[in-house]
$ cat protein26.txt   # compact mmCIF, C-alpha atoms
# COMPACT_ATOMS: atom_id res chain seq x y z
CA MET J 446 16.41 -27.25 32.92
CA SER J 447 18.75 -29.55 31.03
CA THR J 448 22.37 -29.66 32.09
CA LYS J 449 24.42 -29.23 28.90
CA PRO J 450 24.00 -25.79 27.28
CA VAL J 451 22.90 -25.63 23.65
CA SER J 452 25.86 -25.00 21.33
CA ILE J 453 25.16 -21.94 19.17
CA ALA J 454 27.07 -20.65 16.14
CA VAL J 455 26.44 -17.08 15.00
CA LEU J 456 27.09 -16.19 11.34
CA VAL J 457 27.83 -12.56 10.46
CA SER J 458 29.10 -10.34 7.69
CA GLY J 459 29.40 -6.98 9.42
CA ASN J 460 28.75 -4.94 12.52
CA GLY J 461 27.01 -7.63 14.52
CA THR J 462 24.57 -5.64 16.67
CA ASN J 463 22.19 -8.59 16.82
CA PHE J 464 25.18 -10.80 17.72
CA GLN J 465 25.97 -8.40 20.57
CA ALA J 466 22.36 -8.48 21.77
CA ILE J 467 22.51 -12.29 21.90
CA VAL J 468 25.86 -12.30 23.75
CA ASP J 469 24.50 -9.82 26.29
CA ALA J 470 21.32 -11.85 26.76
CA ILE J 471 23.31 -15.02 27.47
CA GLU J 472 25.67 -13.23 29.87
CA SER J 473 22.79 -11.61 31.75
CA GLY J 474 20.86 -14.87 31.96
CA ARG J 475 17.92 -13.78 29.78
CA ILE J 476 18.88 -16.66 27.48
CA ARG J 477 19.56 -19.64 29.72
CA ASN J 478 21.00 -22.94 28.76
CA ALA J 479 23.04 -21.62 25.82
CA HIS J 480 26.67 -21.20 24.86
CA ILE J 481 28.02 -19.47 21.73
CA THR J 482 30.76 -21.86 20.64
CA CYS J 483 31.82 -19.95 17.53
CA LEU J 484 31.32 -16.91 15.37
CA VAL J 485 31.80 -17.30 11.62
CA SER J 486 32.20 -14.30 9.31
CA ASN J 487 32.61 -14.28 5.54
CA ARG J 488 34.51 -11.01 5.85
CA ALA J 489 37.81 -10.51 7.69
CA ASP J 490 36.94 -6.88 8.48
CA ALA J 491 33.58 -7.59 10.13
CA PHE J 492 33.41 -5.60 13.37
CA ALA J 493 31.55 -8.53 14.94
CA ILE J 494 34.95 -10.30 15.16
CA GLU J 495 36.17 -7.59 17.58
CA ARG J 496 33.05 -8.09 19.62
CA ALA J 497 33.71 -11.85 19.77
CA LYS J 498 37.27 -11.29 20.99
CA LYS J 499 36.04 -9.12 23.86
CA HIS J 500 33.80 -11.94 25.03
CA ASN J 501 36.34 -14.73 24.44
CA ILE J 502 34.24 -16.26 21.68
CA LYS J 503 36.20 -18.18 19.07
CA SER J 504 35.81 -16.67 15.59
CA PHE J 505 36.47 -17.93 12.08
CA VAL J 506 36.76 -16.04 8.83
CA LEU J 507 35.46 -18.07 5.94
CA ASP J 508 36.07 -15.88 2.91
CA HIS J 509 33.73 -16.88 0.08
CA LYS J 510 36.33 -15.69 -2.45
CA ASN J 511 38.48 -18.70 -1.50
CA TYR J 512 35.84 -21.18 -2.60
CA LYS J 513 34.83 -22.26 -6.09
CA ASN J 514 31.12 -22.29 -5.47
CA ARG J 515 28.41 -22.09 -2.85
CA MET J 516 28.43 -25.82 -2.18
CA GLU J 517 32.15 -25.93 -1.44
CA TYR J 518 31.80 -22.90 0.79
CA ASP J 519 28.91 -24.42 2.68
CA THR J 520 30.73 -27.75 3.04
CA ALA J 521 33.57 -25.92 4.79
CA MET J 522 31.03 -24.10 6.97
CA VAL J 523 29.26 -27.33 7.95
CA GLU J 524 32.63 -28.86 8.85
CA ILE J 525 33.41 -26.01 11.29
CA LEU J 526 29.93 -26.09 12.80
CA GLN J 527 29.85 -29.86 13.27
CA ARG J 528 33.33 -29.79 14.84
CA HIS J 529 31.79 -27.49 17.48
CA ASN J 530 28.75 -29.71 17.89
CA VAL J 531 26.56 -26.78 16.92
CA GLN J 532 22.84 -27.34 17.56
CA LEU J 533 21.56 -23.90 16.58
CA VAL J 534 22.87 -21.66 13.79
CA VAL J 535 21.92 -18.00 14.17
CA LEU J 536 22.18 -15.69 11.15
CA ALA J 537 22.96 -12.17 12.32
CA GLY J 538 23.43 -10.07 9.22
CA PHE J 539 25.11 -12.88 7.26
CA MET J 540 24.90 -11.68 3.68
CA ARG J 541 25.20 -15.03 1.93
CA ILE J 542 22.45 -17.33 0.70
CA LEU J 543 22.68 -20.80 2.21
CA SER J 544 22.67 -23.85 -0.06
CA SER J 545 20.96 -27.15 0.63
CA THR J 546 24.30 -28.38 2.01
CA MET J 547 23.83 -26.12 5.05
CA ILE J 548 20.05 -26.38 5.27
CA ASP J 549 20.03 -30.19 5.14
CA ALA J 550 22.77 -30.36 7.79
CA PHE J 551 20.71 -28.24 10.21
CA PRO J 552 17.00 -28.91 9.60
CA ASN J 553 14.81 -26.44 11.52
CA SER J 554 17.83 -25.29 13.46
CA ILE J 555 18.99 -22.31 11.44
CA MET J 556 17.34 -19.05 12.52
CA ASN J 557 17.20 -15.78 10.64
CA ILE J 558 15.71 -12.41 11.45
CA HIS J 559 14.15 -10.31 8.71
CA PRO J 560 13.25 -6.62 9.15
CA ALA J 561 9.65 -6.88 7.88
CA LEU J 562 6.42 -8.67 8.68
CA LEU J 563 6.92 -11.61 6.36
CA PRO J 564 5.63 -12.62 3.86
CA SER J 565 5.58 -8.86 3.10
CA PHE J 566 8.84 -7.45 1.75
CA PRO J 567 11.21 -10.43 1.55
CA GLY J 568 14.73 -9.96 0.21
CA LEU J 569 17.02 -6.95 0.46
CA ASP J 570 16.17 -3.48 1.77
CA ALA J 571 12.97 -4.60 3.46
CA GLN J 572 12.61 -1.37 5.44
CA GLN J 573 12.96 0.71 2.28
CA GLN J 574 10.45 -1.54 0.51
CA ALA J 575 7.94 -1.06 3.34
CA PHE J 576 8.58 2.68 3.43
CA ASP J 577 8.05 3.03 -0.32
CA TYR J 578 4.91 0.89 -0.29
CA GLY J 579 3.30 3.16 2.29
CA VAL J 580 2.22 0.55 4.86
CA ARG J 581 0.90 1.69 8.24
CA TYR J 582 2.53 -1.22 10.07
CA THR J 583 5.70 -3.17 9.45
CA GLY J 584 8.00 -5.00 11.86
CA CYS J 585 10.33 -7.96 11.98
CA THR J 586 10.19 -11.73 11.79
CA VAL J 587 12.32 -14.50 13.30
CA HIS J 588 12.01 -17.64 11.19
CA PHE J 589 13.67 -20.95 10.55
CA VAL J 590 15.59 -20.97 7.30
CA ASP J 591 14.39 -23.17 4.47
CA SER J 592 15.45 -23.28 0.83
CA GLY J 593 13.48 -20.16 -0.16
CA THR J 594 14.31 -16.50 0.42
CA ASP J 595 12.79 -15.55 3.79
CA THR J 596 10.07 -18.17 3.40
CA GLY J 597 10.73 -20.53 6.33
CA PRO J 598 8.39 -21.28 9.28
CA ILE J 599 7.77 -18.18 11.41
CA ILE J 600 8.85 -18.34 15.06
CA LEU J 601 8.08 -14.82 16.32
CA GLN J 602 7.08 -11.49 14.86
CA ALA J 603 6.92 -7.97 16.23
CA VAL J 604 4.83 -5.11 14.87
CA VAL J 605 6.18 -1.58 14.42
CA PRO J 606 3.99 1.34 13.24
CA ALA J 607 5.20 3.31 10.23
CA LEU J 608 4.51 6.95 11.03
CA GLU J 609 3.92 9.70 8.49
CA SER J 610 6.80 11.60 10.13
CA ASP J 611 9.19 8.64 9.62
CA THR J 612 12.20 8.58 7.34
CA VAL J 613 13.59 5.19 6.33
CA ASN J 614 16.23 5.73 9.03
CA THR J 615 13.86 6.39 11.93
CA LEU J 616 11.71 3.45 10.82
CA THR J 617 14.77 1.19 10.56
CA LYS J 618 15.92 2.16 14.06
CA ARG J 619 12.54 1.40 15.58
CA ILE J 620 12.46 -2.01 13.87
CA HIS J 621 16.02 -2.72 15.02
CA GLY J 622 15.06 -2.38 18.67
CA GLU J 623 12.34 -4.97 18.21
CA GLU J 624 14.73 -7.26 16.31
CA HIS J 625 17.01 -7.52 19.36
CA ARG J 626 14.06 -8.24 21.61
CA ILE J 627 12.39 -11.03 19.59
CA TYR J 628 15.64 -12.63 18.41
CA VAL J 629 16.73 -13.06 22.03
CA GLU J 630 13.28 -14.40 22.92
CA ALA J 631 13.24 -16.89 20.03
CA ILE J 632 16.74 -18.19 20.80
CA GLY J 633 15.78 -18.57 24.45
CA LEU J 634 12.70 -20.60 23.47
CA PHE J 635 14.83 -22.84 21.26
CA CYS J 636 17.43 -23.39 23.98
CA ASP J 637 14.68 -24.19 26.49
CA GLY J 638 13.44 -26.86 24.06
CA ARG J 639 10.07 -25.13 23.68
CA LEU J 640 9.81 -24.81 19.87
CA ARG J 641 7.96 -27.42 17.81
CA VAL J 642 7.74 -27.29 14.01
CA GLU J 643 4.96 -29.03 12.08
CA GLY J 644 4.89 -28.16 8.41
CA ARG J 645 4.88 -24.36 8.30
CA LYS J 646 3.60 -23.94 11.87
CA VAL J 647 5.82 -23.30 14.85
CA THR J 648 4.23 -23.83 18.25
CA ILE J 649 5.62 -22.73 21.58
CA ALA J 650 5.33 -25.33 24.33
CA GLN J 651 4.36 -24.22 27.82
CA GLN J 652 7.22 -24.09 30.28
CA THR J 653 7.69 -27.38 32.10
CA GLY J 654 7.15 -27.78 35.84
CA CYS J 655 10.68 -27.14 37.00
CA ALA J 656 10.87 -23.95 35.01
CA THR J 657 8.39 -22.25 37.34
CA ASN J 658 11.23 -22.04 39.85
CA LEU J 659 13.14 -19.93 37.41
CA LEU J 660 10.51 -17.30 36.78
CA MET E 340 -17.21 21.57 8.20
CA SER E 341 -18.49 21.82 4.65
CA THR E 342 -22.21 22.07 4.15
CA LYS E 343 -23.08 19.50 1.50
CA PRO E 344 -22.60 15.90 2.63
CA VAL E 345 -20.31 13.66 0.55
CA SER E 346 -22.34 11.38 -1.73
CA ILE E 347 -21.35 7.74 -1.12
CA ALA E 348 -22.21 4.63 -3.13
CA VAL E 349 -21.71 1.24 -1.52
CA LEU E 350 -21.15 -1.80 -3.79
CA VAL E 351 -22.02 -5.25 -2.43
CA SER E 352 -22.53 -8.86 -3.44
CA GLY E 353 -23.80 -10.45 -0.26
CA ASN E 354 -24.57 -10.02 3.41
CA GLY E 355 -23.26 -6.49 3.76
CA THR E 356 -22.04 -6.41 7.36
CA ASN E 357 -19.50 -3.73 6.48
CA PHE E 358 -22.30 -1.81 4.71
CA GLN E 359 -24.35 -2.03 7.93
CA ALA E 360 -21.39 -0.78 9.98
CA ILE E 361 -21.09 2.25 7.68
CA VAL E 362 -24.83 2.98 7.80
CA ASP E 363 -24.76 2.79 11.60
CA ALA E 364 -21.72 5.06 11.79
CA ILE E 365 -23.41 7.70 9.65
CA GLU E 366 -26.66 7.50 11.62
CA SER E 367 -24.86 7.75 14.94
CA GLY E 368 -22.68 10.67 13.76
CA ARG E 369 -19.35 8.82 13.92
CA ILE E 370 -19.07 9.52 10.19
CA ARG E 371 -20.10 13.13 9.69
CA ASN E 372 -20.71 14.95 6.49
CA ALA E 373 -21.73 11.85 4.51
CA HIS E 374 -24.83 10.49 2.82
CA ILE E 375 -25.23 7.07 1.21
CA THR E 376 -27.07 7.91 -2.00
CA CYS E 377 -27.21 4.37 -3.40
CA LEU E 378 -26.39 0.74 -2.87
CA VAL E 379 -25.48 -1.35 -5.92
CA SER E 380 -25.44 -5.14 -5.85
CA ASN E 381 -24.53 -7.53 -8.64
CA ARG E 382 -26.84 -10.13 -7.08
CA ALA E 383 -30.57 -9.76 -6.61
CA ASP E 384 -30.50 -12.01 -3.52
CA ALA E 385 -27.87 -10.02 -1.60
CA PHE E 386 -29.11 -9.54 1.97
CA ALA E 387 -27.54 -6.08 1.91
CA ILE E 388 -30.54 -4.98 -0.22
CA GLU E 389 -32.87 -5.75 2.72
CA ARG E 390 -30.60 -3.71 4.97
CA ALA E 391 -30.77 -0.78 2.52
CA LYS E 392 -34.61 -0.89 2.48
CA LYS E 393 -34.73 -0.66 6.28
CA HIS E 394 -32.70 2.52 6.16
CA ASN E 395 -34.47 4.02 3.14
CA ILE E 396 -31.38 3.76 0.98
CA LYS E 397 -32.03 3.42 -2.75
CA SER E 398 -30.67 0.14 -4.13
CA PHE E 399 -29.90 -1.12 -7.62
CA VAL E 400 -29.28 -4.64 -8.84
CA LEU E 401 -26.80 -4.68 -11.68
CA ASP E 402 -26.60 -8.32 -12.70
CA HIS E 403 -23.33 -9.01 -14.48
CA LYS E 404 -25.00 -11.80 -16.45
CA ASN E 405 -26.95 -9.16 -18.38
CA TYR E 406 -23.79 -7.56 -19.76
CA LYS E 407 -21.52 -8.77 -22.53
CA ASN E 408 -18.28 -7.89 -20.84
CA ARG E 409 -16.70 -6.13 -17.88
CA MET E 410 -16.44 -2.82 -19.71
CA GLU E 411 -20.15 -2.71 -20.57
CA TYR E 412 -20.99 -3.66 -17.01
CA ASP E 413 -18.76 -0.96 -15.60
CA THR E 414 -20.13 1.62 -18.03
CA ALA E 415 -23.63 0.94 -16.68
CA MET E 416 -22.26 1.18 -13.13
CA VAL E 417 -20.55 4.52 -13.80
CA GLU E 418 -23.79 5.84 -15.28
CA ILE E 419 -25.72 5.04 -12.09
CA LEU E 420 -23.02 6.47 -9.84
CA GLN E 421 -22.61 9.68 -11.81
CA ARG E 422 -26.38 10.17 -11.87
CA HIS E 423 -26.18 10.20 -8.06
CA ASN E 424 -23.20 12.56 -8.07
CA VAL E 425 -21.22 9.94 -6.19
CA GLN E 426 -17.93 11.22 -4.78
CA LEU E 427 -16.84 8.10 -2.90
CA VAL E 428 -17.37 4.47 -3.94
CA VAL E 429 -17.10 1.99 -1.08
CA LEU E 430 -16.60 -1.71 -1.89
CA ALA E 431 -18.17 -3.80 0.83
CA GLY E 432 -17.79 -7.41 -0.22
CA PHE E 433 -18.32 -6.65 -3.90
CA MET E 434 -17.01 -9.76 -5.63
CA ARG E 435 -16.26 -8.27 -9.04
CA ILE E 436 -12.99 -6.91 -10.37
CA LEU E 437 -13.29 -3.32 -11.52
CA SER E 438 -12.09 -2.36 -14.99
CA SER E 439 -10.31 0.86 -15.94
CA THR E 440 -13.74 2.25 -16.88
CA MET E 441 -14.64 2.42 -13.18
CA ILE E 442 -11.18 3.23 -11.87
CA ASP E 443 -10.61 6.11 -14.29
CA ALA E 444 -14.06 7.55 -13.52
CA PHE E 445 -13.28 7.64 -9.75
CA PRO E 446 -9.54 8.23 -9.29
CA ASN E 447 -8.49 7.77 -5.66
CA SER E 448 -12.12 7.71 -4.64
CA ILE E 449 -12.87 4.00 -4.63
CA MET E 450 -12.14 2.34 -1.30
CA ASN E 451 -11.78 -1.34 -0.54
CA ILE E 452 -11.11 -3.28 2.63
CA HIS E 453 -8.97 -6.41 2.55
CA PRO E 454 -8.77 -8.89 5.44
CA ALA E 455 -4.95 -9.03 5.65
CA LEU E 456 -2.01 -6.73 6.24
CA LEU E 457 -1.28 -5.93 2.61
CA PRO E 458 0.93 -6.53 0.70
CA SER E 459 0.77 -9.91 2.49
CA PHE E 460 -1.98 -12.27 1.28
CA PRO E 461 -3.72 -10.37 -1.55
CA GLY E 462 -6.58 -12.00 -3.44
CA LEU E 463 -9.16 -14.46 -2.21
CA ASP E 464 -9.27 -16.26 1.16
CA ALA E 465 -6.77 -13.93 2.78
CA GLN E 466 -7.52 -15.17 6.31
CA GLN E 467 -7.01 -18.79 5.24
CA GLN E 468 -3.78 -17.81 3.47
CA ALA E 469 -2.49 -16.12 6.65
CA PHE E 470 -3.59 -19.04 8.81
CA ASP E 471 -1.85 -21.57 6.57
CA TYR E 472 1.33 -19.50 6.37
CA GLY E 473 1.66 -19.46 10.16
CA VAL E 474 2.08 -15.71 10.72
CA ARG E 475 1.98 -14.34 14.28
CA TYR E 476 0.17 -11.17 13.18
CA THR E 477 -2.29 -10.43 10.43
CA GLY E 478 -5.03 -7.81 10.18
CA CYS E 479 -6.88 -5.73 7.63
CA THR E 480 -6.19 -2.90 5.22
CA VAL E 481 -8.34 -0.09 3.81
CA HIS E 482 -6.92 1.08 0.51
CA PHE E 483 -7.81 3.06 -2.55
CA VAL E 484 -8.45 0.83 -5.54
CA ASP E 485 -6.07 0.94 -8.47
CA SER E 486 -5.77 -1.36 -11.48
CA GLY E 487 -3.98 -4.15 -9.55
CA THR E 488 -5.42 -6.74 -7.18
CA ASP E 489 -5.32 -5.21 -3.69
CA THR E 490 -2.31 -3.08 -4.63
CA GLY E 491 -3.64 0.49 -4.24
CA PRO E 492 -2.41 3.18 -1.81
CA ILE E 493 -2.99 2.17 1.82
CA ILE E 494 -5.25 4.41 3.91
CA LEU E 495 -5.43 2.57 7.24
CA GLN E 496 -4.41 -0.82 8.62
CA ALA E 497 -5.18 -2.67 11.83
CA VAL E 498 -3.14 -5.47 13.36
CA VAL E 499 -4.67 -8.67 14.74
CA PRO E 500 -2.60 -11.37 16.49
CA ALA E 501 -2.92 -14.93 15.16
CA LEU E 502 -3.02 -17.17 18.21
CA GLU E 503 -1.92 -20.77 18.33
CA SER E 504 -5.40 -21.62 19.63
CA ASP E 505 -7.07 -19.95 16.63
CA THR E 506 -9.07 -21.67 13.92
CA VAL E 507 -9.59 -19.83 10.63
CA ASN E 508 -13.05 -18.95 11.96
CA THR E 509 -11.94 -17.35 15.22
CA LEU E 510 -9.19 -15.48 13.38
CA THR E 511 -11.65 -14.27 10.73
CA LYS E 512 -14.07 -13.03 13.41
CA ARG E 513 -11.35 -11.05 15.18
CA ILE E 514 -10.26 -9.47 11.88
CA HIS E 515 -13.88 -8.66 11.01
CA GLY E 516 -14.31 -6.53 14.13
CA GLU E 517 -11.29 -4.47 13.16
CA GLU E 518 -12.57 -4.16 9.58
CA HIS E 519 -15.71 -2.36 10.76
CA ARG E 520 -13.65 -0.03 12.93
CA ILE E 521 -11.06 1.08 10.36
CA TYR E 522 -13.45 1.20 7.41
CA VAL E 523 -15.66 3.62 9.31
CA GLU E 524 -12.61 5.65 10.33
CA ALA E 525 -11.23 5.80 6.77
CA ILE E 526 -14.59 6.86 5.28
CA GLY E 527 -14.89 9.52 7.98
CA LEU E 528 -11.44 10.88 7.10
CA PHE E 529 -12.38 10.99 3.40
CA CYS E 530 -15.64 12.78 4.08
CA ASP E 531 -13.87 15.29 6.32
CA GLY E 532 -11.51 16.02 3.40
CA ARG E 533 -8.48 14.87 5.37
CA LEU E 534 -6.95 12.29 2.98
CA ARG E 535 -4.17 13.28 0.57
CA VAL E 536 -2.67 10.85 -1.94
CA GLU E 537 0.80 11.35 -3.41
CA GLY E 538 2.04 8.41 -5.44
CA ARG E 539 1.57 5.41 -3.16
CA LYS E 540 1.47 7.45 0.05
CA VAL E 541 -1.71 8.51 1.77
CA THR E 542 -1.34 11.21 4.40
CA ILE E 543 -3.93 12.24 6.93
CA ALA E 544 -4.28 15.99 7.38
CA GLN E 545 -4.74 17.39 10.87
CA GLN E 546 -8.26 18.44 11.68
CA THR E 547 -8.96 22.04 10.75
CA GLY E 548 -9.77 24.75 13.31
CA CYS E 549 -13.54 24.55 13.24
CA ALA E 550 -13.48 20.81 13.72
CA THR E 551 -12.25 21.21 17.29
CA ASN E 552 -15.78 22.25 18.21
CA LEU E 553 -16.95 18.84 17.14
CA LEU E 554 -14.59 16.75 19.27
$ encode --input "protein26.txt" --output "structure tokens"
Amino acid sequence: MSTKPVSIAVLVSGNGTNFQAIVDAIESGRIRNAHITCLVSNRADAFAIERAKKHNIKSFVLDHKNYKNRMEYDTAMVEILQRHNVQLVVLAGFMRILSSTMIDAFPNSIMNIHPALLPSFPGLDAQQQAFDYGVRYTGCTVHFVDSGTDTGPIILQAVVPALESDTVNTLTKRIHGEEHRIYVEAIGLFCDGRLRVEGRKVTIAQQTGCATNLL
Amino acid sequence: MSTKPVSIAVLVSGNGTNFQAIVDAIESGRIRNAHITCLVSNRADAFAIERAKKHNIKSFVLDHKNYKNRMEYDTAMVEILQRHNVQLVVLAGFMRILSSTMIDAFPNSIMNIHPALLPSFPGLDAQQQAFDYGVRYTGCTVHFVDSGTDTGPIILQAVVPALESDTVNTLTKRIHGEEHRIYVEAIGLFCDGRLRVEGRKVTIAQQTGCATNLL
């Protein structure tokens, strides 16, 4: 594989369980060729910051209340990310909409995970939306971020059955387990240089020759 | 089980492969307790009419061009269905939108199958829509018909992976196989009296005592 690890920034607003899953996957070698160079939170009290400290990951608090508008906020964000030569931005429960300032700075290199089988149930409370609709299957989606709400090119999806015995909580928990799994997989594919985007379609390149040694 | 079979009408516009799957399932006993009392087509040249003849199923051509508006058309349809004491209306590629005249006459007893995992990709060309969007999973949905387009309470769904090697045709074929399977299953559940609808939620009752003899 390539020599220099991919520089990843993770953006959070809260607990950071997906952030933790990614950290663990890098430390255990399930994601190779990657290094989390910074964590950015828009909230000073995000528990994810404690998690970062434990793993000696540099963290920044970028409080949106200190900025006049979304563009100014995103300009400050881009500045931090570029200073760390970030190649992949991973949204892990970051509760802010990104402006074109961010999206144009990182084309097809901002990933988000959404707790539904997009394009079903975009936006907030996706699990509740799916529960209320009465679907038999829901799941989660890792996608590149574009200017729409949860509309970007799909990288991976996982399917989760919605059982008649489910509450929103049990359904959410089952989806959450799959989120960790496919987010780690998608980030690994990116860091191995195996994702190609053409229009809306993401294709996954076969592993190259040398990678067979690593299996 | 109950003694009198459930009277089913199947509505078609064309080839009728789902109609054939239902006929076969009744004849082979996979759907019990059901009898197709009539086939209605809005086109005289629908191949499904030939299929009906082969199986001695009465068929009617109700050409929409002979009616002033949707309501008059649907009134004629309801008249035919009520004359046959129809309890379940099954749409099998019937390319007409139903008015409230039909829907009010058969509350929660009109079934449709849609070739996508609703609420994703409602309306026409669902497989093409899913293909173009670049989803990793799609499928099909059996639902009760309400006044919206493909919005009614979901009875069953089946998941089909969309492969990078797929064309719209190969994807459509794979979905079609699952359509036959879950449509037959959903009709069987209805005829066994096992479907309950509350708001948007459809629940499937456990089989009753005597049914264990039939397993």
$ interface_residues --input "protein26.txt" --of "chain E" --to "chain J" --cutoff "10 Å" --atoms "all atoms listed in the file" --output "VMD selection string"
chain E and resid 456 to 460 469 to 477 480 490 to 498 500 502 to 504 538 to 543
$ residues_around --input "protein26.txt" --residues "Leu526 in chain J" --least-positions-apart "2" --cutoff "12 Å" --atoms "all atoms listed in the file" --output "CSV table (one decimal) with C-alpha atoms, in the frame of the given file"
chain,number,residue,atom,x,y,z
J,452,SER,CA,25.9,-25.0,21.3
J,453,ILE,CA,25.2,-21.9,19.2
J,454,ALA,CA,27.1,-20.6,16.1
J,455,VAL,CA,26.4,-17.1,15.0
J,456,LEU,CA,27.1,-16.2,11.3
J,481,ILE,CA,28.0,-19.5,21.7
J,482,THR,CA,30.8,-21.9,20.6
J,483,CYS,CA,31.8,-20.0,17.5
J,484,LEU,CA,31.3,-16.9,15.4
J,485,VAL,CA,31.8,-17.3,11.6
J,503,LYS,CA,36.2,-18.2,19.1
J,504,SER,CA,35.8,-16.7,15.6
J,505,PHE,CA,36.5,-17.9,12.1
J,507,LEU,CA,35.5,-18.1,5.9
J,519,ASP,CA,28.9,-24.4,2.7
J,520,THR,CA,30.7,-27.8,3.0
J,521,ALA,CA,33.6,-25.9,4.8
J,522,MET,CA,31.0,-24.1,7.0
J,523,VAL,CA,29.3,-27.3,8.0
J,524,GLU,CA,32.6,-28.9,8.8
J,528,ARG,CA,33.3,-29.8,14.8
J,529,HIS,CA,31.8,-27.5,17.5
J,530,ASN,CA,28.8,-29.7,17.9
J,531,VAL,CA,26.6,-26.8,16.9
J,532,GLN,CA,22.8,-27.3,17.6
J,533,LEU,CA,21.6,-23.9,16.6
J,534,VAL,CA,22.9,-21.7,13.8
J,535,VAL,CA,21.9,-18.0,14.2
J,547,MET,CA,23.8,-26.1,5.0
J,550,ALA,CA,22.8,-30.4,7.8
J,551,PHE,CA,20.7,-28.2,10.2
J,555,ILE,CA,19.0,-22.3,11.4
$ closest_residue --input "protein26.txt" --among "E:Asp485, E:Asp531, E:Glu366, E:Glu537" --to "Lys343 in chain E" --atoms "all atoms listed in the file"
E:Asp531
$ closest_residue --input "protein26.txt" --among "E:Ala387, E:Val345, E:Ala501, E:Leu534" --to "Asn372 in chain E" --atoms "all atoms listed in the file"
E:Val345
$ atom_distance --input "protein26.txt" --atom1 "CA of Ile419 in chain E" --atom2 "CA of Pro454 in chain E"
28.1 Å
$ atom_distance --input "protein26.txt" --atom1 "CA of Gly532 in chain E" --atom2 "CA of Ala544 in chain E"
8.3 Å
$ axis_aligned_box --input "protein26.txt" --around "range 602-608 of chain J" --padding-each-side "5 Å" --output "JSON"
{"center_x": 5.5, "center_y": -2.3, "center_z": 13.2, "size_x": 13.1, "size_y": 28.4, "size_z": 16.0}
$ residues_near_point --input "protein26.txt" --point "(-15.1, -1.2, 11.1)" --cutoff "12 Å" --atoms "all atoms listed in the file" --output "NGL selection string"
:E and (356-364 or 369-370 or 431 or 452-454 or 479-481 or 495-497 or 513-527)
$ closest_residue --input "protein26.txt" --among "E:Ser486, E:Asn381, E:Gln421, E:Thr506" --to "His403 in chain E" --atoms "all atoms listed in the file"
E:Asn381
$ atom_distance --input "protein26.txt" --atom1 "CA of Ser367 in chain E" --atom2 "CA of Gly353 in chain E"
23.7 Å
$ build_atoms --input "protein26.txt" --residues "range 386-397 of chain E" --atoms "N, CA and C atoms" --output "PDB file, in the coordinates of the input"
ATOM      1  N   PHE E 386     -28.357  -9.974   0.776  1.00  0.00           N
ATOM      2  CA  PHE E 386     -29.110  -9.540   1.970  1.00  0.00           C
ATOM      3  C   PHE E 386     -28.915  -8.046   2.234  1.00  0.00           C
ATOM      4  N   ALA E 387     -27.817  -7.512   1.730  1.00  0.00           N
ATOM      5  CA  ALA E 387     -27.540  -6.080   1.910  1.00  0.00           C
ATOM      6  C   ALA E 387     -28.693  -5.229   1.366  1.00  0.00           C
ATOM      7  N   ILE E 388     -29.410  -5.730   0.361  1.00  0.00           N
ATOM      8  CA  ILE E 388     -30.540  -4.980  -0.220  1.00  0.00           C
ATOM      9  C   ILE E 388     -31.645  -4.799   0.823  1.00  0.00           C
ATOM     10  N   GLU E 389     -31.886  -5.859   1.618  1.00  0.00           N
ATOM     11  CA  GLU E 389     -32.870  -5.750   2.720  1.00  0.00           C
ATOM     12  C   GLU E 389     -32.427  -4.682   3.722  1.00  0.00           C
ATOM     13  N   ARG E 390     -31.140  -4.705   4.026  1.00  0.00           N
ATOM     14  CA  ARG E 390     -30.600  -3.710   4.970  1.00  0.00           C
ATOM     15  C   ARG E 390     -30.848  -2.294   4.433  1.00  0.00           C
ATOM     16  N   ALA E 391     -30.607  -2.113   3.124  1.00  0.00           N
ATOM     17  CA  ALA E 391     -30.770  -0.780   2.520  1.00  0.00           C
ATOM     18  C   ALA E 391     -32.225  -0.312   2.660  1.00  0.00           C
ATOM     19  N   LYS E 392     -33.171  -1.239   2.381  1.00  0.00           N
ATOM     20  CA  LYS E 392     -34.610  -0.890   2.480  1.00  0.00           C
ATOM     21  C   LYS E 392     -34.941  -0.349   3.857  1.00  0.00           C
ATOM     22  N   LYS E 393     -34.464  -1.051   4.886  1.00  0.00           N
ATOM     23  CA  LYS E 393     -34.730  -0.660   6.280  1.00  0.00           C
ATOM     24  C   LYS E 393     -34.294   0.763   6.580  1.00  0.00           C
ATOM     25  N   HIS E 394     -33.251   1.190   5.877  1.00  0.00           N
ATOM     26  CA  HIS E 394     -32.700   2.520   6.160  1.00  0.00           C
ATOM     27  C   HIS E 394     -33.044   3.508   5.054  1.00  0.00           C
ATOM     28  N   ASN E 395     -34.039   3.141   4.228  1.00  0.00           N
ATOM     29  CA  ASN E 395     -34.470   4.020   3.140  1.00  0.00           C
ATOM     30  C   ASN E 395     -33.336   4.439   2.216  1.00  0.00           C
ATOM     31  N   ILE E 396     -32.460   3.495   1.930  1.00  0.00           N
ATOM     32  CA  ILE E 396     -31.380   3.760   0.980  1.00  0.00           C
ATOM     33  C   ILE E 396     -31.744   3.103  -0.351  1.00  0.00           C
ATOM     34  N   LYS E 397     -31.683   3.900  -1.416  1.00  0.00           N
ATOM     35  CA  LYS E 397     -32.030   3.420  -2.750  1.00  0.00           C
ATOM     36  C   LYS E 397     -31.070   2.304  -3.150  1.00  0.00           C
TER      37      LYS E 397
END
